[in-house]
$ cat work_31.cif   # mmCIF, C-alpha atoms; chains and numbers go by the auth columns
data_my_file
loop_
_atom_site.group_PDB
_atom_site.id
_atom_site.type_symbol
_atom_site.label_atom_id
_atom_site.label_comp_id
_atom_site.label_asym_id
_atom_site.label_seq_id
_atom_site.Cartn_x
_atom_site.Cartn_y
_atom_site.Cartn_z
_atom_site.B_iso_or_equiv
_atom_site.auth_seq_id
_atom_site.auth_asym_id
ATOM 1 C CA MET A 1 11.239 13.405 26.944 0.00 1 A
ATOM 2 C CA LEU A 2 11.361 10.496 29.359 0.00 2 A
ATOM 3 C CA THR A 3 14.694 9.616 30.953 0.00 3 A
ATOM 4 C CA ASP A 4 16.421 6.442 29.744 0.00 4 A
ATOM 5 C CA PRO A 5 15.098 3.904 32.304 0.00 5 A
ATOM 6 C CA SER A 6 11.540 5.203 32.051 0.00 6 A
ATOM 7 C CA ALA A 7 11.857 5.538 28.248 0.00 7 A
ATOM 8 C CA HIS A 8 12.891 1.905 27.963 0.00 8 A
ATOM 9 C CA GLU A 9 9.970 0.866 30.172 0.00 9 A
ATOM 10 C CA ALA A 10 7.570 2.866 28.013 0.00 10 A
ATOM 11 C CA ILE A 11 8.915 1.250 24.846 0.00 11 A
ATOM 12 C CA ARG A 12 8.692 -2.250 26.332 0.00 12 A
ATOM 13 C CA ALA A 13 5.073 -1.635 27.322 0.00 13 A
ATOM 14 C CA ALA A 14 4.197 -0.268 23.905 0.00 14 A
ATOM 15 C CA ALA A 15 5.975 -3.170 22.181 0.00 15 A
ATOM 16 C CA ALA A 16 3.537 -5.562 23.869 0.00 16 A
ATOM 17 C CA THR A 17 0.803 -4.160 21.586 0.00 17 A
ATOM 18 C CA ASP A 18 0.530 -4.607 17.833 0.00 18 A
ATOM 19 C CA ARG A 19 0.616 -0.871 17.163 0.00 19 A
ATOM 20 C CA LEU A 20 3.297 0.851 15.123 0.00 20 A
ATOM 21 C CA LEU A 21 5.596 2.900 17.326 0.00 21 A
ATOM 22 C CA ARG A 22 7.480 6.164 16.906 0.00 22 A
ATOM 23 C CA ALA A 23 9.693 7.901 19.408 0.00 23 A
ATOM 24 C CA VAL A 24 7.760 11.158 19.109 0.00 24 A
ATOM 25 C CA ASP A 25 4.452 9.437 19.879 0.00 25 A
ATOM 26 C CA LEU A 26 5.899 7.719 22.959 0.00 26 A
ATOM 27 C CA GLY A 27 7.677 10.824 24.180 0.00 27 A
ATOM 28 C CA VAL A 28 11.065 9.105 24.165 0.00 28 A
ATOM 29 C CA PRO A 29 14.360 9.971 22.437 0.00 29 A
ATOM 30 C CA SER A 30 15.066 8.244 19.129 0.00 30 A
ATOM 31 C CA SER A 31 18.240 6.845 20.673 0.00 31 A
ATOM 32 C CA ALA A 32 16.098 4.864 23.131 0.00 32 A
ATOM 33 C CA MET A 33 14.177 3.313 20.248 0.00 33 A
ATOM 34 C CA SER A 34 17.446 2.386 18.545 0.00 34 A
ATOM 35 C CA ARG A 35 18.724 0.764 21.729 0.00 35 A
ATOM 36 C CA MET A 36 15.525 -1.235 22.144 0.00 36 A
ATOM 37 C CA GLU A 37 15.898 -2.388 18.543 0.00 37 A
ATOM 38 C CA ARG A 38 19.437 -3.590 19.244 0.00 38 A
ATOM 39 C CA GLU A 39 18.142 -5.428 22.307 0.00 39 A
ATOM 40 C CA GLY A 40 15.456 -7.133 20.220 0.00 40 A
ATOM 41 C CA VAL A 41 12.471 -5.441 21.875 0.00 41 A
ATOM 42 C CA VAL A 42 11.258 -3.727 18.716 0.00 42 A
ATOM 43 C CA GLU A 43 11.769 -4.253 14.994 0.00 43 A
ATOM 44 C CA ARG A 44 12.204 -1.389 12.549 0.00 44 A
ATOM 45 C CA ILE A 45 9.716 -1.363 9.676 0.00 45 A
ATOM 46 C CA ILE A 46 10.962 1.832 8.030 0.00 46 A
ATOM 47 C CA PRO A 47 13.313 4.463 9.444 0.00 47 A
ATOM 48 C CA GLY A 48 11.763 5.871 12.609 0.00 48 A
ATOM 49 C CA VAL A 49 8.807 3.454 12.726 0.00 49 A
ATOM 50 C CA TYR A 50 8.878 0.229 14.730 0.00 50 A
ATOM 51 C CA VAL A 51 6.694 -2.640 15.907 0.00 51 A
ATOM 52 C CA GLY A 52 7.141 -4.979 18.840 0.00 52 A
ATOM 53 C CA THR A 53 9.354 -7.945 18.035 0.00 53 A
ATOM 54 C CA GLY A 54 7.316 -11.100 17.626 0.00 54 A
ATOM 55 C CA GLN A 55 4.076 -9.271 16.879 0.00 55 A
ATOM 56 C CA PRO A 56 2.264 -10.771 13.857 0.00 56 A
ATOM 57 C CA GLN A 57 2.799 -8.330 11.012 0.00 57 A
ATOM 58 C CA HIS A 58 -0.019 -7.421 8.641 0.00 58 A
ATOM 59 C CA VAL A 59 0.743 -7.697 4.919 0.00 59 A
ATOM 60 C CA LEU A 60 0.260 -3.911 4.751 0.00 60 A
ATOM 61 C CA VAL A 61 2.609 -3.153 7.647 0.00 61 A
ATOM 62 C CA GLU A 62 5.071 -1.206 5.474 0.00 62 A
ATOM 63 C CA ALA A 63 2.251 0.767 3.876 0.00 63 A
ATOM 64 C CA ALA A 64 0.966 1.577 7.357 0.00 64 A
ATOM 65 C CA ALA A 65 4.408 2.765 8.428 0.00 65 A
ATOM 66 C CA TRP A 66 4.697 5.090 5.445 0.00 66 A
ATOM 67 C CA SER A 67 1.116 6.283 6.008 0.00 67 A
ATOM 68 C CA MET A 68 2.180 7.654 9.376 0.00 68 A
ATOM 69 C CA ARG A 69 4.408 10.077 7.470 0.00 69 A
ATOM 70 C CA HIS A 70 2.311 10.441 4.319 0.00 70 A
ATOM 71 C CA PRO A 71 -1.360 9.984 5.291 0.00 71 A
ATOM 72 C CA ARG A 72 -2.594 10.919 1.808 0.00 72 A
ATOM 73 C CA ALA A 73 -0.522 8.199 0.110 0.00 73 A
ATOM 74 C CA VAL A 74 -2.378 5.185 -1.304 0.00 74 A
ATOM 75 C CA ALA A 75 -1.092 1.617 -1.255 0.00 75 A
ATOM 76 C CA GLY A 76 -1.563 0.075 -4.688 0.00 76 A
ATOM 77 C CA LEU A 77 -0.171 -2.071 -7.488 0.00 77 A
ATOM 78 C CA LEU A 78 1.700 -5.148 -6.204 0.00 78 A
ATOM 79 C CA THR A 79 1.243 -4.171 -2.549 0.00 79 A
ATOM 80 C CA ALA A 80 -2.539 -4.031 -2.956 0.00 80 A
ATOM 81 C CA ALA A 81 -2.546 -7.089 -5.228 0.00 81 A
ATOM 82 C CA ARG A 82 -0.907 -9.196 -2.528 0.00 82 A
ATOM 83 C CA PHE A 83 -3.284 -7.804 0.100 0.00 83 A
ATOM 84 C CA HIS A 84 -6.307 -8.790 -2.006 0.00 84 A
ATOM 85 C CA GLY A 85 -4.852 -12.188 -2.923 0.00 85 A
ATOM 86 C CA LEU A 86 -4.651 -11.294 -6.614 0.00 86 A
ATOM 87 C CA THR A 87 -1.017 -12.317 -6.971 0.00 87 A
ATOM 88 C CA ASP A 88 1.757 -14.062 -5.126 0.00 88 A
ATOM 89 C CA ALA A 89 4.391 -12.078 -7.010 0.00 89 A
ATOM 90 C CA PHE A 90 7.234 -10.691 -4.923 0.00 90 A
ATOM 91 C CA ALA A 91 6.468 -7.009 -4.409 0.00 91 A
ATOM 92 C CA GLY A 92 10.089 -6.019 -3.766 0.00 92 A
ATOM 93 C CA GLY A 93 9.063 -3.313 -1.326 0.00 93 A
ATOM 94 C CA VAL A 94 5.949 -1.251 -0.770 0.00 94 A
ATOM 95 C CA TRP A 95 4.142 0.385 -3.726 0.00 95 A
ATOM 96 C CA LEU A 96 2.526 3.750 -3.083 0.00 96 A
ATOM 97 C CA PHE A 97 0.635 6.368 -5.080 0.00 97 A
ATOM 98 C CA VAL A 98 1.220 10.006 -4.199 0.00 98 A
ATOM 99 C CA ALA A 99 -0.095 13.127 -5.869 0.00 99 A
ATOM 100 C CA LYS A 100 2.138 14.886 -8.369 0.00 100 A
ATOM 101 C CA GLY A 101 3.689 17.932 -6.783 0.00 101 A
ATOM 102 C CA SER A 102 3.746 16.446 -3.290 0.00 102 A
ATOM 103 C CA SER A 103 6.816 15.257 -1.415 0.00 103 A
ATOM 104 C CA PRO A 104 7.208 11.520 -2.137 0.00 104 A
ATOM 105 C CA PRO A 105 8.359 8.920 0.399 0.00 105 A
ATOM 106 C CA ARG A 106 12.081 8.236 0.113 0.00 106 A
ATOM 107 C CA SER A 107 14.462 5.838 1.802 0.00 107 A
ATOM 108 C CA VAL A 108 17.948 4.514 1.154 0.00 108 A
ATOM 109 C CA VAL A 109 17.528 1.573 3.529 0.00 109 A
ATOM 110 C CA VAL A 110 14.117 0.094 2.671 0.00 110 A
ATOM 111 C CA PRO A 111 12.655 -0.313 -0.838 0.00 111 A
ATOM 112 C CA VAL A 112 9.715 1.932 -1.674 0.00 112 A
ATOM 113 C CA HIS A 113 8.218 2.276 -5.157 0.00 113 A
ATOM 114 C CA VAL A 114 6.456 5.594 -5.611 0.00 114 A
ATOM 115 C CA ILE A 115 4.045 6.367 -8.438 0.00 115 A
ATOM 116 C CA GLN A 116 3.242 10.045 -8.807 0.00 116 A
ATOM 117 C CA THR A 117 -0.219 10.440 -10.278 0.00 117 A
ATOM 118 C CA ALA A 118 -2.697 13.201 -11.012 0.00 118 A
ATOM 119 C CA PRO A 119 -4.277 14.364 -7.734 0.00 119 A
ATOM 120 C CA ARG A 120 -7.785 13.604 -9.030 0.00 120 A
ATOM 121 C CA TYR A 121 -7.020 9.873 -9.027 0.00 121 A
ATOM 122 C CA ILE A 122 -6.194 9.727 -5.311 0.00 122 A
ATOM 123 C CA ALA A 123 -8.008 12.731 -3.801 0.00 123 A
ATOM 124 C CA PRO A 124 -9.469 11.587 -0.443 0.00 124 A
ATOM 125 C CA GLU A 125 -12.837 13.193 -1.167 0.00 125 A
ATOM 126 C CA LEU A 126 -13.124 11.016 -4.295 0.00 126 A
ATOM 127 C CA ASP A 127 -12.081 7.713 -2.732 0.00 127 A
ATOM 128 C CA GLU A 128 -15.368 5.937 -3.483 0.00 128 A
ATOM 129 C CA GLU A 129 -15.372 6.968 -7.145 0.00 129 A
ATOM 130 C CA ASN A 130 -11.678 6.154 -7.500 0.00 130 A
ATOM 131 C CA GLY A 131 -11.846 2.702 -5.925 0.00 131 A
ATOM 132 C CA ILE A 132 -9.961 3.459 -2.719 0.00 132 A
ATOM 133 C CA VAL A 133 -10.848 2.337 0.803 0.00 133 A
ATOM 134 C CA SER A 134 -9.284 2.853 4.219 0.00 134 A
ATOM 135 C CA VAL A 135 -8.312 -0.089 6.416 0.00 135 A
ATOM 136 C CA ARG A 136 -6.915 -0.127 9.944 0.00 136 A
ATOM 137 C CA VAL A 137 -3.460 -1.684 10.147 0.00 137 A
ATOM 138 C CA HIS A 138 -1.446 -1.761 13.381 0.00 138 A
ATOM 139 C CA GLY A 139 -3.423 1.214 14.648 0.00 139 A
ATOM 140 C CA VAL A 140 -2.901 3.275 11.489 0.00 140 A
ATOM 141 C CA GLY A 141 -5.424 4.174 8.798 0.00 141 A
ATOM 142 C CA VAL A 142 -4.112 2.966 5.443 0.00 142 A
ATOM 143 C CA ARG A 143 -5.650 3.992 2.137 0.00 143 A
ATOM 144 C CA VAL A 144 -5.508 1.109 -0.338 0.00 144 A
ATOM 145 C CA THR A 145 -6.948 0.462 -3.782 0.00 145 A
ATOM 146 C CA VAL A 146 -9.864 -1.994 -4.010 0.00 146 A
ATOM 147 C CA PRO A 147 -9.489 -5.163 -6.147 0.00 147 A
ATOM 148 C CA ASP A 148 -10.934 -3.622 -9.345 0.00 148 A
ATOM 149 C CA ARG A 149 -8.762 -0.507 -9.094 0.00 149 A
ATOM 150 C CA THR A 150 -5.738 -2.635 -8.244 0.00 150 A
ATOM 151 C CA VAL A 151 -6.081 -4.746 -11.385 0.00 151 A
ATOM 152 C CA LEU A 152 -6.681 -1.709 -13.567 0.00 152 A
ATOM 153 C CA ASP A 153 -3.615 0.020 -12.158 0.00 153 A
ATOM 154 C CA LEU A 154 -1.458 -3.028 -12.893 0.00 154 A
ATOM 155 C CA TRP A 155 -2.425 -2.550 -16.549 0.00 155 A
ATOM 156 C CA ARG A 156 -1.889 1.220 -16.403 0.00 156 A
ATOM 157 C CA TYR A 157 1.820 0.902 -15.652 0.00 157 A
ATOM 158 C CA PRO A 158 3.284 -1.741 -17.987 0.00 158 A
ATOM 159 C CA ARG A 159 6.771 -0.313 -17.580 0.00 159 A
ATOM 160 C CA ARG A 160 6.629 -0.817 -13.822 0.00 160 A
ATOM 161 C CA VAL A 161 4.744 -4.117 -13.556 0.00 161 A
ATOM 162 C CA ALA A 162 5.435 -7.279 -15.570 0.00 162 A
ATOM 163 C CA ALA A 163 2.682 -8.227 -18.011 0.00 163 A
ATOM 164 C CA GLU A 164 2.320 -11.722 -16.528 0.00 164 A
ATOM 165 C CA HIS A 165 1.506 -10.254 -13.100 0.00 165 A
ATOM 166 C CA ALA A 166 -1.127 -7.940 -14.589 0.00 166 A
ATOM 167 C CA LEU A 167 -2.726 -10.757 -16.586 0.00 167 A
ATOM 168 C CA SER A 168 -2.676 -13.162 -13.650 0.00 168 A
ATOM 169 C CA ALA A 169 -4.365 -10.587 -11.417 0.00 169 A
ATOM 170 C CA LEU A 170 -7.002 -9.891 -14.071 0.00 170 A
ATOM 171 C CA ARG A 171 -7.807 -13.579 -14.405 0.00 171 A
ATOM 172 C CA SER A 172 -8.055 -13.949 -10.649 0.00 172 A
ATOM 173 C CA ARG A 173 -10.319 -10.919 -10.343 0.00 173 A
ATOM 174 C CA ALA A 174 -12.579 -11.998 -13.227 0.00 174 A
ATOM 175 C CA ARG A 175 -13.211 -15.336 -11.476 0.00 175 A
ATOM 176 C CA ALA A 176 -14.229 -13.712 -8.182 0.00 176 A
ATOM 177 C CA ASP A 177 -17.856 -14.035 -7.084 0.00 177 A
ATOM 178 C CA ASP A 178 -18.162 -10.291 -6.515 0.00 178 A
ATOM 179 C CA PHE A 179 -16.717 -9.289 -9.902 0.00 179 A
ATOM 180 C CA HIS A 180 -19.138 -7.044 -11.811 0.00 180 A
ATOM 181 C CA LEU A 181 -17.979 -6.251 -15.338 0.00 181 A
ATOM 182 C CA PRO A 182 -19.981 -3.014 -15.836 0.00 182 A
ATOM 183 C CA ALA A 183 -18.515 -1.523 -12.640 0.00 183 A
ATOM 184 C CA PHE A 184 -15.027 -2.687 -13.632 0.00 184 A
ATOM 185 C CA ALA A 185 -15.401 -1.118 -17.077 0.00 185 A
ATOM 186 C CA ARG A 186 -16.761 2.118 -15.618 0.00 186 A
ATOM 187 C CA LEU A 187 -13.751 2.503 -13.341 0.00 187 A
ATOM 188 C CA GLY A 188 -11.453 1.545 -16.211 0.00 188 A
ATOM 189 C CA ARG A 189 -12.865 4.377 -18.297 0.00 189 A
ATOM 190 C CA ARG A 190 -12.427 6.798 -15.412 0.00 190 A
ATOM 191 C CA LEU A 191 -8.768 5.794 -15.195 0.00 191 A
ATOM 192 C CA GLY A 192 -8.276 5.954 -18.960 0.00 192 A
ATOM 193 C CA VAL A 193 -7.227 2.320 -19.382 0.00 193 A
ATOM 194 C CA TRP A 194 -10.403 0.557 -20.498 0.00 194 A
ATOM 195 C CA ARG A 195 -9.841 0.924 -24.258 0.00 195 A
ATOM 196 C CA ARG A 196 -6.618 -1.060 -23.998 0.00 196 A
ATOM 197 C CA LEU A 197 -7.996 -3.576 -21.528 0.00 197 A
ATOM 198 C CA GLU A 198 -11.421 -4.256 -23.074 0.00 198 A
ATOM 199 C CA PRO A 199 -10.262 -6.750 -25.750 0.00 199 A
ATOM 200 C CA VAL A 200 -8.299 -8.685 -23.135 0.00 200 A
ATOM 201 C CA VAL A 201 -11.338 -8.918 -20.872 0.00 201 A
ATOM 202 C CA GLN A 202 -13.515 -9.997 -23.791 0.00 202 A
ATOM 203 C CA GLY A 203 -10.975 -12.677 -24.666 0.00 203 A
ATOM 204 C CA LEU A 204 -11.113 -14.036 -21.131 0.00 204 A
ATOM 205 C CA ALA A 205 -14.908 -14.096 -21.222 0.00 205 A
ATOM 206 C CA LEU A 206 -14.930 -16.219 -24.365 0.00 206 A
ATOM 207 C CA ARG A 207 -12.724 -18.941 -22.880 0.00 207 A
#
$ encode --input "work_31.cif" --output "structure tokens"
Amino acid sequence: MLTDPSAHEAIRAAAATDRLLRAVDLGVPSSAMSRMEREGVVERIIPGVYVGTGQPQHVLVEAAAWSMRHPRAVAGLLTAARFHGLTDAFAGGVWLFVAKGSSPPRSVVVPVHVIQTAPRYIAPELDEENGIVSVRVHGVGVRVTVPDRTVLDLWRYPRRVAAEHALSALRSRARADDFHLPAFARLGRRLGVWRRLEPVVQGLALR
């Protein structure tokens, strides 16, 4: 570990970039990171993960921070919907999918909504079939659902997401130039939600 003066210098240098920062990656004590936060050099995104103060923050910054700890997690639902411009609804924290049986992200200081799902729906080797892509955010690879998968997931969890948000996202997606109904329906069947969603989609098409 670097000594305090050199640790603070290392943190200041790293804070000049847009990358997410952790004490372990910089080789500095966590106390040095906390001091630099108090001095306004860095801003905490989630416990233990920081970014330089004043750096423009990506809409997926919280998902990126959690991905440093849980690289197999997938950003979805309202987090992905805001990223894709499908809704302006307040997400109230980051929304993540994790496989059932795995250790889910937890925090008592920042809101995180975790959906535990069957591993087959978020297995990395099936990302293309499952409608998941990886994007680079503040130097971190973040797995996130594509627009079609995002809309379908909003309909899969009616107890977690308000119906008006799901319907608004569906309408927005259906109007997009790259929307392809057969592909949307195929993914909906894979996720087991198409039977419930099909009449709604047909209703939109008739308007």
$ resolve_selection --input "work_31.cif" --expression "the PyMOL selection byres ((chain A and resi 86-99) around 9)" --output "PyMOL selection string"
chain A and resi 60+62-63+66+70+72-85+100-105+110-123+144+147+150-151+165-166+168-173
$ write_last_selection --input "work_31.cif" --atoms "C-alpha atoms" --output "mmCIF file, keeping the file's coordinate frame"
data_model
loop_
_atom_site.group_PDB
_atom_site.id
_atom_site.type_symbol
_atom_site.label_atom_id
_atom_site.label_comp_id
_atom_site.auth_asym_id
_atom_site.auth_seq_id
_atom_site.Cartn_x
_atom_site.Cartn_y
_atom_site.Cartn_z
ATOM 1 C CA LEU A 60 0.260 -3.911 4.751
ATOM 2 C CA GLU A 62 5.071 -1.206 5.474
ATOM 3 C CA ALA A 63 2.251 0.767 3.876
ATOM 4 C CA TRP A 66 4.697 5.090 5.445
ATOM 5 C CA HIS A 70 2.311 10.441 4.319
ATOM 6 C CA ARG A 72 -2.594 10.919 1.808
ATOM 7 C CA ALA A 73 -0.522 8.199 0.110
ATOM 8 C CA VAL A 74 -2.378 5.185 -1.304
ATOM 9 C CA ALA A 75 -1.092 1.617 -1.255
ATOM 10 C CA GLY A 76 -1.563 0.075 -4.688
ATOM 11 C CA LEU A 77 -0.171 -2.071 -7.488
ATOM 12 C CA LEU A 78 1.700 -5.148 -6.204
ATOM 13 C CA THR A 79 1.243 -4.171 -2.549
ATOM 14 C CA ALA A 80 -2.539 -4.031 -2.956
ATOM 15 C CA ALA A 81 -2.546 -7.089 -5.228
ATOM 16 C CA ARG A 82 -0.907 -9.196 -2.528
ATOM 17 C CA PHE A 83 -3.284 -7.804 0.100
ATOM 18 C CA HIS A 84 -6.307 -8.790 -2.006
ATOM 19 C CA GLY A 85 -4.852 -12.188 -2.923
ATOM 20 C CA LYS A 100 2.138 14.886 -8.369
ATOM 21 C CA GLY A 101 3.689 17.932 -6.783
ATOM 22 C CA SER A 102 3.746 16.446 -3.290
ATOM 23 C CA SER A 103 6.816 15.257 -1.415
ATOM 24 C CA PRO A 104 7.208 11.520 -2.137
ATOM 25 C CA PRO A 105 8.359 8.920 0.399
ATOM 26 C CA VAL A 110 14.117 0.094 2.671
ATOM 27 C CA PRO A 111 12.655 -0.313 -0.838
ATOM 28 C CA VAL A 112 9.715 1.932 -1.674
ATOM 29 C CA HIS A 113 8.218 2.276 -5.157
ATOM 30 C CA VAL A 114 6.456 5.594 -5.611
ATOM 31 C CA ILE A 115 4.045 6.367 -8.438
ATOM 32 C CA GLN A 116 3.242 10.045 -8.807
ATOM 33 C CA THR A 117 -0.219 10.440 -10.278
ATOM 34 C CA ALA A 118 -2.697 13.201 -11.012
ATOM 35 C CA PRO A 119 -4.277 14.364 -7.734
ATOM 36 C CA ARG A 120 -7.785 13.604 -9.030
ATOM 37 C CA TYR A 121 -7.020 9.873 -9.027
ATOM 38 C CA ILE A 122 -6.194 9.727 -5.311
ATOM 39 C CA ALA A 123 -8.008 12.731 -3.801
ATOM 40 C CA VAL A 144 -5.508 1.109 -0.338
ATOM 41 C CA PRO A 147 -9.489 -5.163 -6.147
ATOM 42 C CA THR A 150 -5.738 -2.635 -8.244
ATOM 43 C CA VAL A 151 -6.081 -4.746 -11.385
ATOM 44 C CA HIS A 165 1.506 -10.254 -13.100
ATOM 45 C CA ALA A 166 -1.127 -7.940 -14.589
ATOM 46 C CA SER A 168 -2.676 -13.162 -13.650
ATOM 47 C CA ALA A 169 -4.365 -10.587 -11.417
ATOM 48 C CA LEU A 170 -7.002 -9.891 -14.071
ATOM 49 C CA ARG A 171 -7.807 -13.579 -14.405
ATOM 50 C CA SER A 172 -8.055 -13.949 -10.649
ATOM 51 C CA ARG A 173 -10.319 -10.919 -10.343
#
$ atom_distance --input "work_31.cif" --atom1 "atom CA of A:Ser34" --atom2 "atom CA of A:Ala64"
19.9 Å
$ closest_residue --input "work_31.cif" --among "A:Glu39, A:Glu9, A:Asp25, A:Asp4" --to "A:Met68" --atoms "only C-alpha atoms"
A:Asp25
$ closest_residue --input "work_31.cif" --among "A:Thr17, A:Arg12, A:His58, A:Trp155" --to "A:Glu37" --atoms "all atoms listed in the file"
A:Arg12
$ closest_residue --input "work_31.cif" --among "A:Asp153, A:Glu128, A:Glu43, A:Glu164" --to "A:Gln57" --atoms "only C-alpha atoms"
A:Glu43
$ atom_distance --input "work_31.cif" --atom1 "atom CA of A:Gly27" --atom2 "atom CA of A:Ala14"
11.6 Å
$ atom_distance --input "work_31.cif" --atom1 "atom CA of A:Arg156" --atom2 "atom CA of A:Pro124"
20.5 Å
$ closest_residue --input "work_31.cif" --among "A:Arg196, A:Arg106, A:His8, A:His180" --to "A:Asp148" --atoms "only C-alpha atoms"
A:His180
$ closest_residue --input "work_31.cif" --among "A:Val42, A:Ala162, A:Ala174, A:Val193" --to "A:Ala23" --atoms "only C-alpha atoms"
A:Val42
$ build_atoms --input "work_31.cif" --residues "stretch 149-163 of chain A" --atoms "N, CA and C atoms" --output "PDB file, keeping the file's coordinate frame"
ATOM      1  N   ARG A 149      -9.731  -1.578  -8.841  1.00  0.00           N
ATOM      2  CA  ARG A 149      -8.762  -0.507  -9.094  1.00  0.00           C
ATOM      3  C   ARG A 149      -7.344  -1.076  -9.138  1.00  0.00           C
ATOM      4  N   THR A 150      -7.073  -2.037  -8.274  1.00  0.00           N
ATOM      5  CA  THR A 150      -5.738  -2.635  -8.244  1.00  0.00           C
ATOM      6  C   THR A 150      -5.393  -3.285  -9.572  1.00  0.00           C
ATOM      7  N   VAL A 151      -6.314  -4.078 -10.104  1.00  0.00           N
ATOM      8  CA  VAL A 151      -6.081  -4.746 -11.385  1.00  0.00           C
ATOM      9  C   VAL A 151      -5.911  -3.722 -12.498  1.00  0.00           C
ATOM     10  N   LEU A 152      -6.767  -2.734 -12.532  1.00  0.00           N
ATOM     11  CA  LEU A 152      -6.681  -1.709 -13.567  1.00  0.00           C
ATOM     12  C   LEU A 152      -5.351  -0.967 -13.505  1.00  0.00           C
ATOM     13  N   ASP A 153      -4.895  -0.669 -12.308  1.00  0.00           N
ATOM     14  CA  ASP A 153      -3.615   0.020 -12.158  1.00  0.00           C
ATOM     15  C   ASP A 153      -2.447  -0.834 -12.633  1.00  0.00           C
ATOM     16  N   LEU A 154      -2.527  -2.147 -12.412  1.00  0.00           N
ATOM     17  CA  LEU A 154      -1.458  -3.028 -12.893  1.00  0.00           C
ATOM     18  C   LEU A 154      -1.329  -2.941 -14.406  1.00  0.00           C
ATOM     19  N   TRP A 155      -2.443  -2.702 -15.088  1.00  0.00           N
ATOM     20  CA  TRP A 155      -2.425  -2.550 -16.549  1.00  0.00           C
ATOM     21  C   TRP A 155      -2.056  -1.130 -16.969  1.00  0.00           C
ATOM     22  N   ARG A 156      -2.208  -0.175 -16.068  1.00  0.00           N
ATOM     23  CA  ARG A 156      -1.889   1.220 -16.403  1.00  0.00           C
ATOM     24  C   ARG A 156      -0.381   1.480 -16.444  1.00  0.00           C
ATOM     25  N   TYR A 157       0.383   0.626 -15.772  1.00  0.00           N
ATOM     26  CA  TYR A 157       1.820   0.902 -15.652  1.00  0.00           C
ATOM     27  C   TYR A 157       2.634  -0.292 -16.145  1.00  0.00           C
ATOM     28  N   PRO A 158       2.577  -0.576 -17.446  1.00  0.00           N
ATOM     29  CA  PRO A 158       3.284  -1.741 -17.987  1.00  0.00           C
ATOM     30  C   PRO A 158       4.802  -1.645 -17.870  1.00  0.00           C
ATOM     31  N   ARG A 159       5.319  -0.448 -17.731  1.00  0.00           N
ATOM     32  CA  ARG A 159       6.771  -0.313 -17.580  1.00  0.00           C
ATOM     33  C   ARG A 159       7.227  -0.589 -16.151  1.00  0.00           C
ATOM     34  N   ARG A 160       6.287  -0.591 -15.225  1.00  0.00           N
ATOM     35  CA  ARG A 160       6.629  -0.817 -13.822  1.00  0.00           C
ATOM     36  C   ARG A 160       6.255  -2.220 -13.346  1.00  0.00           C
ATOM     37  N   VAL A 161       5.253  -2.812 -13.994  1.00  0.00           N
ATOM     38  CA  VAL A 161       4.744  -4.117 -13.556  1.00  0.00           C
ATOM     39  C   VAL A 161       4.791  -5.089 -14.723  1.00  0.00           C
ATOM     40  N   ALA A 162       5.336  -6.271 -14.516  1.00  0.00           N
ATOM     41  CA  ALA A 162       5.435  -7.279 -15.570  1.00  0.00           C
ATOM     42  C   ALA A 162       4.056  -7.679 -16.078  1.00  0.00           C
ATOM     43  N   ALA A 163       3.967  -7.904 -17.387  1.00  0.00           N
ATOM     44  CA  ALA A 163       2.682  -8.227 -18.011  1.00  0.00           C
ATOM     45  C   ALA A 163       2.063  -9.482 -17.422  1.00  0.00           C
TER      46      ALA A 163
END
